[in-house]
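*Asks:* One file: my_file_4.txt (compact mmCIF, C-alpha atoms and all ligand atoms).
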```txt
# COMPACT_ATOMS: atom_id res chain seq x y z
CA MET A 1 0.00 0.00 0.00
CA ARG A 2 1.31 3.46 -0.82
CA TYR A 3 0.02 6.99 -0.95
CA LEU A 4 0.81 10.40 -2.40
CA THR A 5 -0.56 13.87 -1.82
CA ALA A 6 -0.33 16.98 -3.98
CA GLY A 7 -1.61 20.53 -3.71
CA GLU A 8 -0.77 23.91 -2.25
CA SER A 9 -2.20 25.66 0.77
CA HIS A 10 -4.08 28.28 -1.27
CA GLY A 11 -4.51 26.23 -4.46
CA GLU A 12 -7.91 25.07 -5.61
CA TYR A 13 -7.58 21.51 -4.31
CA LEU A 14 -5.47 19.10 -2.31
CA THR A 15 -5.29 15.78 -4.13
CA ALA A 16 -4.59 12.48 -2.40
CA ILE A 17 -4.23 8.96 -3.81
CA LEU A 18 -4.11 5.69 -1.88
CA GLU A 19 -3.04 2.65 -3.86
CA GLY A 20 -3.10 -0.99 -2.76
CA PHE A 21 -6.04 -0.61 -0.38
CA PRO A 22 -8.28 -3.72 -0.30
CA ALA A 23 -11.79 -4.08 -1.69
CA GLY A 24 -14.88 -4.52 0.44
CA VAL A 25 -14.33 -1.78 3.04
CA LYS A 26 -17.55 0.15 3.59
CA ILE A 27 -16.90 3.80 4.44
CA ALA A 28 -19.45 6.59 4.77
CA PRO A 29 -18.70 10.19 3.71
CA ALA A 30 -19.82 11.26 7.21
CA TYR A 31 -17.05 9.13 8.74
CA ILE A 32 -14.40 10.91 6.63
CA ALA A 33 -15.96 14.33 7.31
CA ALA A 34 -15.91 13.68 11.07
CA GLN A 35 -12.19 12.82 11.03
CA LEU A 36 -11.37 15.93 8.97
CA LYS A 37 -13.36 18.04 11.44
CA ARG A 38 -11.36 16.65 14.37
CA ARG A 39 -8.18 18.03 12.75
CA ARG A 40 -9.72 21.28 11.56
CA CYS A 41 -11.49 22.18 14.79
CA ALA A 42 -8.86 20.97 17.29
CA PRO A 43 -8.14 23.35 20.21
CA GLY A 44 -5.57 26.06 19.51
CA ARG A 45 -6.37 26.51 15.84
CA SER A 46 -6.63 29.95 14.24
CA ALA A 47 -9.48 31.81 12.61
CA ARG A 48 -8.35 30.52 9.16
CA GLN A 49 -9.88 27.19 10.11
CA ALA A 50 -13.31 28.85 10.33
CA LYS A 51 -12.92 29.57 6.59
CA GLU A 52 -11.95 25.99 5.74
CA THR A 53 -14.79 23.52 5.36
CA ASP A 54 -12.75 20.55 4.08
CA GLN A 55 -15.35 19.75 1.44
CA PHE A 56 -14.18 16.65 -0.36
CA GLU A 57 -15.03 14.37 -3.21
CA ILE A 58 -13.95 10.77 -3.65
CA THR A 59 -13.35 10.56 -7.37
CA ALA A 60 -12.07 6.97 -7.65
CA GLY A 61 -11.86 3.63 -5.88
CA LEU A 62 -15.32 3.56 -4.34
CA SER A 63 -18.57 2.05 -5.61
CA GLY A 64 -21.77 2.39 -3.61
CA GLY A 65 -19.76 3.50 -0.56
CA VAL A 66 -17.55 0.38 -0.65
CA THR A 67 -13.88 0.26 -1.76
CA THR A 68 -13.26 -1.68 -4.99
CA GLY A 69 -9.52 -2.36 -4.69
CA ALA A 70 -8.74 0.33 -7.29
CA PRO A 71 -6.61 3.37 -6.30
CA ILE A 72 -8.66 5.70 -4.11
CA ALA A 73 -8.54 9.39 -5.10
CA VAL A 74 -9.74 12.20 -2.84
CA LEU A 75 -10.10 15.86 -3.84
CA LEU A 76 -10.22 18.29 -0.94
CA LYS A 77 -11.37 21.81 -1.76
CA ASN A 78 -9.44 24.70 -0.23
CA ALA A 79 -11.71 27.50 0.93
CA GLY A 80 -8.83 29.87 1.80
CA ARG A 81 -7.78 30.95 -1.74
CA ASP A 82 -6.30 34.41 -1.03
CA LEU A 83 -2.70 33.70 -2.05
CA PRO A 84 -0.33 36.00 -0.10
CA PRO A 85 1.83 38.41 -2.18
CA PRO A 86 5.42 37.33 -3.03
CA SER A 87 7.80 37.75 -0.10
CA SER A 88 11.58 37.55 0.21
CA LEU A 89 11.32 37.37 4.01
CA PRO A 90 11.83 33.78 5.22
CA ARG A 91 9.84 33.15 8.40
CA PRO A 92 12.05 31.78 11.20
CA GLY A 93 11.45 28.14 12.14
CA HIS A 94 9.74 27.36 8.83
CA ALA A 95 10.70 25.67 5.56
CA ASP A 96 11.11 29.14 3.99
CA LEU A 97 14.89 29.66 4.23
CA PRO A 98 16.14 26.16 3.34
CA GLY A 99 13.41 25.90 0.69
CA MET A 100 14.36 29.23 -0.94
CA LEU A 101 17.99 28.12 -1.09
CA LYS A 102 17.12 24.65 -2.33
CA TYR A 103 14.60 25.68 -5.01
CA ASN A 104 16.54 28.78 -6.07
CA THR A 105 13.85 31.37 -5.44
CA LEU A 106 13.57 34.71 -3.64
CA ASN A 107 9.85 34.15 -3.17
CA ALA A 108 9.20 32.36 0.13
CA VAL A 109 5.51 31.98 -0.74
CA LEU A 110 6.37 29.38 -3.41
CA VAL A 111 7.97 27.24 -0.69
CA ARG A 112 5.47 27.77 2.10
CA GLU A 113 2.45 27.01 -0.08
CA ARG A 114 3.49 23.34 -0.18
CA ALA A 115 5.36 23.16 3.17
CA SER A 116 2.25 24.38 4.99
CA ALA A 117 0.52 21.94 7.34
CA ARG A 118 -2.65 22.40 5.28
CA GLU A 119 -1.33 19.30 3.48
CA THR A 120 -2.00 17.23 6.60
CA ALA A 121 -5.73 17.43 5.76
CA ALA A 122 -4.97 15.21 2.74
CA ARG A 123 -3.11 12.73 4.95
CA VAL A 124 -6.08 12.62 7.32
CA ALA A 125 -8.48 12.07 4.42
CA LEU A 126 -6.51 8.98 3.32
CA GLY A 127 -5.88 7.89 6.90
CA THR A 128 -9.63 7.56 7.44
CA PHE A 129 -9.63 4.59 5.03
CA ALA A 130 -6.87 2.93 7.05
CA LEU A 131 -8.66 3.71 10.33
CA ARG A 132 -11.85 2.17 8.97
CA LEU A 133 -10.01 -1.00 7.88
CA HIS A 134 -8.49 -1.32 11.36
CA GLU A 135 -11.89 -0.72 12.96
CA LEU A 136 -13.43 -3.56 10.93
CA LEU A 137 -10.61 -5.83 12.09
CA GLY A 138 -11.13 -4.93 15.76
CA ILE A 139 -8.10 -2.60 16.02
CA GLY A 140 -8.77 0.64 17.91
CA PHE A 141 -6.92 3.98 17.74
CA ASN A 142 -6.87 6.73 20.33
CA SER A 143 -4.89 9.92 20.74
CA ARG A 144 -4.56 12.50 23.48
CA VAL A 145 -2.43 15.50 24.33
CA ILE A 146 -0.42 14.78 27.45
CA THR A 147 1.39 18.10 27.86
CA LEU A 148 0.67 21.56 26.47
CA GLY A 149 3.71 23.82 26.86
CA GLN A 150 4.75 23.12 30.45
CA LEU A 151 1.26 22.15 31.50
CA PRO A 152 0.98 18.43 32.39
CA CYS A 153 -2.25 16.39 32.56
CA VAL A 154 -4.10 18.55 30.05
CA THR A 155 -7.88 18.86 30.38
CA ALA A 156 -10.17 20.86 28.09
CA ALA A 157 -10.51 23.60 30.72
CA THR A 158 -6.80 23.92 31.60
CA ALA A 159 -5.87 23.85 27.91
CA ALA A 160 -8.35 26.62 27.08
CA ALA A 161 -6.93 28.83 29.85
CA GLU A 162 -3.32 28.16 28.82
CA LEU A 163 -4.07 28.86 25.15
CA LEU A 164 -5.83 32.11 25.99
CA LYS A 165 -2.85 33.22 28.09
CA ALA A 166 -0.43 32.47 25.23
CA ARG A 167 -2.64 34.16 22.61
CA ARG A 168 -2.98 37.31 24.73
CA ALA A 169 0.81 37.42 25.08
CA GLY A 170 1.22 37.16 21.26
CA ASP A 171 2.92 33.82 21.82
CA THR A 172 2.42 30.14 20.88
CA LEU A 173 2.85 26.73 22.53
CA GLY A 174 4.11 23.24 21.75
CA GLY A 175 3.27 19.98 23.46
CA ILE A 176 3.40 16.21 23.50
CA PHE A 177 0.74 13.89 22.13
CA GLU A 178 0.29 10.17 22.50
CA VAL A 179 -1.27 7.66 20.09
CA GLU A 180 -2.43 4.34 21.48
CA VAL A 181 -3.42 1.37 19.33
CA GLU A 182 -5.14 -1.69 20.77
CA GLY A 183 -5.87 -5.04 19.16
CA LEU A 184 -2.94 -5.26 16.72
CA PRO A 185 -2.03 -8.84 15.81
CA ALA A 186 1.47 -9.88 16.94
CA GLY A 187 4.20 -10.08 14.29
CA LEU A 188 3.59 -6.93 12.19
CA GLY A 189 6.88 -5.45 10.95
CA SER A 190 10.09 -7.45 10.95
CA CYS A 191 13.37 -7.96 12.81
CA MET A 192 15.13 -9.00 9.61
CA HIS A 193 16.19 -5.65 8.20
CA ALA A 194 16.55 -2.14 9.64
CA ASP A 195 14.08 -0.50 7.26
CA ARG A 196 11.44 -3.17 7.94
CA ARG A 197 11.48 -2.58 11.70
CA LEU A 198 8.01 -1.31 12.59
CA GLY A 199 9.31 1.31 15.04
CA ALA A 200 11.50 2.81 12.32
CA ARG A 201 8.56 2.92 9.92
CA LEU A 202 6.23 4.51 12.46
CA GLY A 203 8.97 6.98 13.42
CA ALA A 204 9.28 8.08 9.79
CA ALA A 205 5.50 8.45 9.47
CA LEU A 206 5.13 10.49 12.65
CA LEU A 207 8.28 12.58 12.25
CA GLY A 208 6.86 13.40 8.82
CA ILE A 209 4.20 15.56 10.49
CA ASN A 210 5.04 19.29 10.34
CA GLY A 211 6.41 20.53 13.65
CA VAL A 212 7.08 17.05 15.16
CA LYS A 213 10.65 17.05 16.49
CA GLY A 214 10.68 14.08 18.85
CA PHE A 215 9.32 10.53 18.74
CA GLU A 216 9.30 7.72 21.27
CA ILE A 217 7.83 4.27 21.66
CA GLY A 218 6.62 3.07 25.05
CA GLY A 219 9.15 4.01 27.75
CA GLY A 220 11.14 6.03 25.20
CA PHE A 221 13.41 8.62 26.80
CA GLU A 222 12.32 7.64 30.34
CA ALA A 223 13.38 3.99 30.01
CA PRO A 224 17.14 4.70 30.27
CA LEU A 225 16.53 6.14 33.76
CA LEU A 226 15.69 2.60 34.97
CA THR A 227 18.07 -0.30 35.56
CA GLY A 228 17.73 -3.42 33.46
CA ARG A 229 16.07 -5.25 36.38
CA GLU A 230 13.58 -2.43 36.92
CA ALA A 231 12.84 -2.29 33.20
CA ALA A 232 12.31 -6.05 33.02
CA ALA A 233 9.50 -5.67 35.57
CA CYS A 234 7.69 -3.20 33.28
CA PRO A 235 6.86 -4.96 29.99
CA GLU A 236 4.78 -1.95 28.95
CA LEU A 237 8.06 -0.04 28.42
CA SER A 238 8.36 -1.81 25.07
CA GLY A 239 5.29 0.13 23.93
CA GLY A 240 3.95 -2.89 22.05
CA ILE A 241 7.03 -3.37 19.83
CA ASP A 242 9.94 -5.75 20.44
CA GLY A 243 12.62 -6.38 17.83
CA GLY A 244 10.82 -4.27 15.23
CA MET A 245 7.56 -6.30 15.49
CA THR A 246 4.27 -5.92 17.30
CA ASN A 247 4.27 -8.19 20.36
CA GLY A 248 0.51 -8.45 20.85
CA GLY A 249 0.36 -5.69 23.49
CA ALA A 250 -1.02 -2.17 23.11
CA LEU A 251 1.12 0.12 20.98
CA THR A 252 2.07 3.45 22.58
CA LEU A 253 3.67 6.19 20.50
CA ARG A 254 4.51 9.70 21.67
CA CYS A 255 5.51 12.81 19.71
CA ALA A 256 6.96 16.15 20.77
CA VAL A 257 5.54 19.04 18.76
CA LYS A 258 7.53 22.27 18.80
CA PRO A 259 5.83 25.60 19.60
CA VAL A 260 4.16 27.04 16.48
CA PRO A 261 6.92 29.15 14.86
CA GLY A 262 4.58 31.78 13.37
CA LEU A 263 4.27 34.33 16.18
CA PRO A 264 1.37 36.79 16.31
CA GLY A 265 3.68 39.00 18.38
CA GLY A 266 6.31 38.79 15.61
CA ALA A 267 9.84 37.37 15.29
CA LEU A 268 12.88 38.98 13.68
CA ALA A 269 13.80 37.71 10.20
CA THR A 270 16.30 38.75 7.50
CA ASP A 271 14.99 39.76 4.06
CA LEU A 272 16.95 37.84 1.41
CA LYS A 273 16.78 40.74 -1.09
CA THR A 274 17.94 43.57 1.18
CA PHE A 275 19.55 41.60 4.04
CA LYS A 276 17.78 43.99 6.40
CA LYS A 277 16.13 42.68 9.56
CA LYS A 278 12.35 42.94 9.70
CA LEU A 279 9.67 41.89 12.15
CA CYS A 280 7.80 38.92 10.74
CA VAL A 281 4.27 38.88 12.18
CA SER A 282 1.98 35.85 11.71
CA LYS A 283 -1.55 37.11 12.21
CA THR A 284 -3.29 33.88 11.18
CA SER A 285 -1.12 31.38 13.06
CA ASP A 286 -2.50 28.64 15.27
CA THR A 287 -1.72 29.10 18.97
CA THR A 288 -0.70 25.46 19.16
CA ALA A 289 -0.57 22.62 16.63
CA VAL A 290 -0.31 19.82 19.17
CA PHE A 291 -4.04 18.93 19.31
CA ALA A 292 -4.40 18.91 15.51
CA ALA A 293 -1.08 17.05 15.14
CA ALA A 294 -2.40 14.33 17.48
CA VAL A 295 -5.26 13.70 15.04
CA VAL A 296 -2.83 13.68 12.10
CA GLY A 297 -0.61 11.30 14.13
CA GLU A 298 -3.45 8.81 14.53
CA HIS A 299 -4.06 8.81 10.79
CA ALA A 300 -0.37 8.66 9.85
CA ALA A 301 0.09 5.69 12.21
CA ALA A 302 -3.07 4.04 10.85
CA LEU A 303 -1.74 4.26 7.28
CA GLU A 304 1.65 2.77 8.22
CA LEU A 305 0.06 0.00 10.29
CA ALA A 306 -2.43 -0.83 7.53
CA GLY A 307 0.54 -1.25 5.19
CA ALA A 308 2.28 -3.55 7.68
CA LEU A 309 -0.93 -5.53 8.18
CA LEU A 310 -1.42 -6.05 4.44
CA GLU A 311 2.22 -7.15 4.10
CA LYS A 312 1.72 -9.78 6.80
CA PHE A 313 -1.70 -11.06 5.77
CA GLY A 314 -1.99 -10.18 2.08
CA GLY A 315 -5.51 -10.39 0.73
CA ASP A 316 -7.31 -8.28 -1.81
CA SER A 317 -10.63 -7.95 -0.02
CA LEU A 318 -11.81 -7.44 3.53
CA PRO A 319 -13.37 -10.92 4.02
CA GLU A 320 -10.13 -12.57 2.90
CA ILE A 321 -7.99 -10.42 5.23
CA LYS A 322 -10.39 -10.82 8.15
CA ALA A 323 -10.37 -14.62 7.87
CA ARG A 324 -6.56 -14.63 7.88
CA VAL A 325 -6.31 -12.20 10.81
CA ASP A 326 -8.88 -14.22 12.82
CA GLU A 327 -6.98 -17.44 12.16
CA TRP A 328 -3.67 -15.82 13.16
CA ARG A 329 -5.17 -14.37 16.34
CA LYS A 330 -6.50 -17.81 17.27
CA LYS A 331 -3.12 -19.41 16.74
CA THR A 332 -0.96 -16.75 18.43
CA GLY A 333 -3.56 -16.17 21.18
CA GLN A 334 -3.16 -19.77 22.34
CA ILE A 335 0.53 -19.04 23.01
CA LEU A 336 0.30 -15.44 24.24
CA ARG A 337 -2.44 -16.27 26.77
CA ARG A 338 -0.18 -18.87 28.43
CA LEU A 339 2.77 -16.48 29.00
C1 LIG A 401 -1.94 20.72 11.97
C2 LIG A 401 -0.79 21.67 12.03
C3 LIG A 401 -1.02 23.04 12.03
C4 LIG A 401 0.04 23.95 12.07
N1 LIG A 401 -0.25 25.27 12.08
C5 LIG A 401 0.77 26.17 12.07
C6 LIG A 401 0.51 27.57 12.04
O1 LIG A 401 -0.64 28.01 12.04
N2 LIG A 401 1.56 28.43 12.02
C7 LIG A 401 2.85 27.99 12.04
O2 LIG A 401 3.77 28.81 12.04
N3 LIG A 401 3.14 26.67 12.09
C8 LIG A 401 2.14 25.74 12.10
N4 LIG A 401 2.42 24.42 12.15
C9 LIG A 401 3.82 23.97 12.23
C10 LIG A 401 4.55 24.22 10.94
O3 LIG A 401 3.84 23.67 9.86
C11 LIG A 401 5.97 23.62 11.00
O4 LIG A 401 6.60 23.95 12.19
C12 LIG A 401 6.76 24.17 9.83
O5 LIG A 401 6.21 23.66 8.62
C13 LIG A 401 8.25 23.82 9.89
O6 LIG A 401 8.45 22.45 9.85
P1 LIG A 401 9.19 21.68 11.02
O7 LIG A 401 8.74 22.31 12.28
O8 LIG A 401 8.71 20.26 10.89
O9 LIG A 401 10.66 21.85 10.81
C14 LIG A 401 1.38 23.48 12.12
C15 LIG A 401 1.61 22.09 12.13
C16 LIG A 401 0.54 21.19 12.09
C17 LIG A 401 0.82 19.72 12.10
```
Kindly present the structure from the file in structure tokens form.

*Replies:*
Amino acid sequence: MRYLTAGESHGEYLTAILEGFPAGVKIAPAYIAAQLKRRRCAPGRSARQAKETDQFEITAGLSGGVTTGAPIAVLLKNAGRDLPPPSSLPRPGHADLPGMLKYNTLNAVLVRERASARETAARVALGTFALRLHELLGIGFNSRVITLGQLPCVTAATAAAELLKARRAGDTLGGIFEVEVEGLPAGLGSCMHADRRLGARLGAALLGINGVKGFEIGGGFEAPLLTGREAAACPELSGGIDGGMTNGGALTLRCAVKPVPGLPGGALATDLKTFKKKLCVSKTSDTTAVFAAAVVGEHAAALELAGALLEKFGGDSLPEIKARVDEWRKKTGQILRRL
């Protein structure tokens, strides 16, 4: 299974194609719309999101609301079409500067139009198909924000207060989100080659989300604080992956999302035409991306895990895959239950 996205932040459409997805998966437009809304309306998002409606059309791969096995194509309409004027001022902390150097342009807008996290809407749209496949196989996904800035144990009320404080100060916040997956069959991924290790694959998928700068599985960066004996008493430290393969336990992934670099209060930047310093003010920036990134993280993980599942079980249609997964669960369950 593979996927590609195309489209710019203020272009007419985002386009997304998912190839290798099995036939027989029933998916309702309302299911896709609800997942897109979770990303669009996550706490901390800016007023631009009020403009976006994430209207979409599935133009291929579906017949009567059921996947056919053909490549799935999704067109997502952009509502925000007011393309900003050309700018030679690269915004700090963004793709602007390296992108302007790399693509030989003095117009940062050409870079940021594609580097923008608007693209993550396309990844979510495709991820909904993977989520639905998992759901039909009894595999459940969950995500939550565990820290917002320096605030631990985030609740809706504490997050709202913290976000308001940051917004009033013209500032932004980062945070950490967690994705948990339950019900994965044991043996997805492989220990046989570095690039087949499931942790490496999930790391690439999650570090591919704009603003994600850290990734850990299970005990992650806390595990080294324990001795080997202490760690051996906590099997959950493995986070559901041992030796690059799922071990039958719940999968726990965590990502650190940096503070949104676009500051409403402004940050100093150097104009590449004049080499003069200017204040770069981001009026339409999100106050934090961590809640939206958590939703994207769920979908990015779902896509990678669906790929790993199809590699292990093969199958061109849902009934075929389900029969194989059920059989495998029966066989491995007999062993795992006795441990
Ligand atoms: C859903 C989502 C929304 C984001 N919104 C903004 C934003 O409004 N303003 C901003 O400056 N960065 C935002 N970011 C983060 C930037 O896209 C990201 O930091 C930037 O592209 C640079 O990439 P890097 O941080 O991965 O190096 C967002 C990220 C995500 C995942």

*Asks:* Can you work out which one of A:Leu14, A:Ala125, A:Ala250, A:Leu309 has the shortest atom-to-atom distance to Trp328 (chain A), counting only C-alpha atoms?

*Replies:*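 Of all the options, A:Leu309 lies closest to Trp328 (chain A).
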
*Asks:* Can you tell me, as JSON, numbers by chain, what residues are no more than 7 Å from region 127-133 of chain A when counting only C-alpha atoms, ignoring any on the same chain fewer than 5 positions away?

*Replies:* {"A": [25, 27, 32, 35, 299, 300, 302, 303, 306]}

*Asks:* Take the residues just selected and output them with C-alpha atoms as an mmCIF file, keeping the file's coordinate frame.

*Replies:*
```
data_model
loop_
_atom_site.group_PDB
_atom_site.id
_atom_site.type_symbol
_atom_site.label_atom_id
_atom_site.label_comp_id
_atom_site.auth_asym_id
_atom_site.auth_seq_id
_atom_site.Cartn_x
_atom_site.Cartn_y
_atom_site.Cartn_z
ATOM 1 C CA VAL A 25 -14.330 -1.780 3.040
ATOM 2 C CA ILE A 27 -16.900 3.800 4.440
ATOM 3 C CA ILE A 32 -14.400 10.910 6.630
ATOM 4 C CA GLN A 35 -12.190 12.820 11.030
ATOM 5 C CA HIS A 299 -4.060 8.810 10.790
ATOM 6 C CA ALA A 300 -0.370 8.660 9.850
ATOM 7 C CA ALA A 302 -3.070 4.040 10.850
ATOM 8 C CA LEU A 303 -1.740 4.260 7.280
ATOM 9 C CA ALA A 306 -2.430 -0.830 7.530
#
```

*Asks:* What's the 12 Å shell around Glu222 (chain A), counting only C-alpha atoms, without same-chain residues fewer than 4 positions away, as a ChimeraX atom specification?

*Replies:* /A:216-218,226-227,231,237-238,254

*Asks:* Could you pull the residues within 12 Å of Lys276 (chain A), counting all atoms listed in the file, minus those fewer than 5 positions along the same chain, as a PyMOL selection string?

*Replies:* chain A and resi 88-90+268-271

*Asks:* Neighbouring residues of ligand LIG 401 (chain A) are defined here as those with any atom at most 10 Å from a ligand atom, counting all atoms listed in the file; list them as an NGL selection string.

*Replies:* :A and (39-40 or 42 or 44-49 or 91-96 or 112 or 114-121 or 172 or 174 or 207-213 or 257-264 or 282-297)

*Asks:* Could you write out the selected residues, including C-alpha atoms, as a CSV table (one decimal), in the frame of the given file?

*Replies:*
```csv
chain,number,residue,atom,x,y,z
A,39,ARG,CA,-8.2,18.0,12.8
A,40,ARG,CA,-9.7,21.3,11.6
A,42,ALA,CA,-8.9,21.0,17.3
A,44,GLY,CA,-5.6,26.1,19.5
A,45,ARG,CA,-6.4,26.5,15.8
A,46,SER,CA,-6.6,30.0,14.2
A,47,ALA,CA,-9.5,31.8,12.6
A,48,ARG,CA,-8.4,30.5,9.2
A,49,GLN,CA,-9.9,27.2,10.1
A,91,ARG,CA,9.8,33.2,8.4
A,92,PRO,CA,12.0,31.8,11.2
A,93,GLY,CA,11.4,28.1,12.1
A,94,HIS,CA,9.7,27.4,8.8
A,95,ALA,CA,10.7,25.7,5.6
A,96,ASP,CA,11.1,29.1,4.0
A,112,ARG,CA,5.5,27.8,2.1
A,114,ARG,CA,3.5,23.3,-0.2
A,115,ALA,CA,5.4,23.2,3.2
A,116,SER,CA,2.2,24.4,5.0
A,117,ALA,CA,0.5,21.9,7.3
A,118,ARG,CA,-2.6,22.4,5.3
A,119,GLU,CA,-1.3,19.3,3.5
A,120,THR,CA,-2.0,17.2,6.6
A,121,ALA,CA,-5.7,17.4,5.8
A,172,THR,CA,2.4,30.1,20.9
A,174,GLY,CA,4.1,23.2,21.8
A,207,LEU,CA,8.3,12.6,12.2
A,208,GLY,CA,6.9,13.4,8.8
A,209,ILE,CA,4.2,15.6,10.5
A,210,ASN,CA,5.0,19.3,10.3
A,211,GLY,CA,6.4,20.5,13.6
A,212,VAL,CA,7.1,17.0,15.2
A,213,LYS,CA,10.6,17.0,16.5
A,257,VAL,CA,5.5,19.0,18.8
A,258,LYS,CA,7.5,22.3,18.8
A,259,PRO,CA,5.8,25.6,19.6
A,260,VAL,CA,4.2,27.0,16.5
A,261,PRO,CA,6.9,29.2,14.9
A,262,GLY,CA,4.6,31.8,13.4
A,263,LEU,CA,4.3,34.3,16.2
A,264,PRO,CA,1.4,36.8,16.3
A,282,SER,CA,2.0,35.8,11.7
A,283,LYS,CA,-1.6,37.1,12.2
A,284,THR,CA,-3.3,33.9,11.2
A,285,SER,CA,-1.1,31.4,13.1
A,286,ASP,CA,-2.5,28.6,15.3
A,287,THR,CA,-1.7,29.1,19.0
A,288,THR,CA,-0.7,25.5,19.2
A,289,ALA,CA,-0.6,22.6,16.6
A,290,VAL,CA,-0.3,19.8,19.2
A,291,PHE,CA,-4.0,18.9,19.3
A,292,ALA,CA,-4.4,18.9,15.5
A,293,ALA,CA,-1.1,17.0,15.1
A,294,ALA,CA,-2.4,14.3,17.5
A,295,VAL,CA,-5.3,13.7,15.0
A,296,VAL,CA,-2.8,13.7,12.1
A,297,GLY,CA,-0.6,11.3,14.1
```
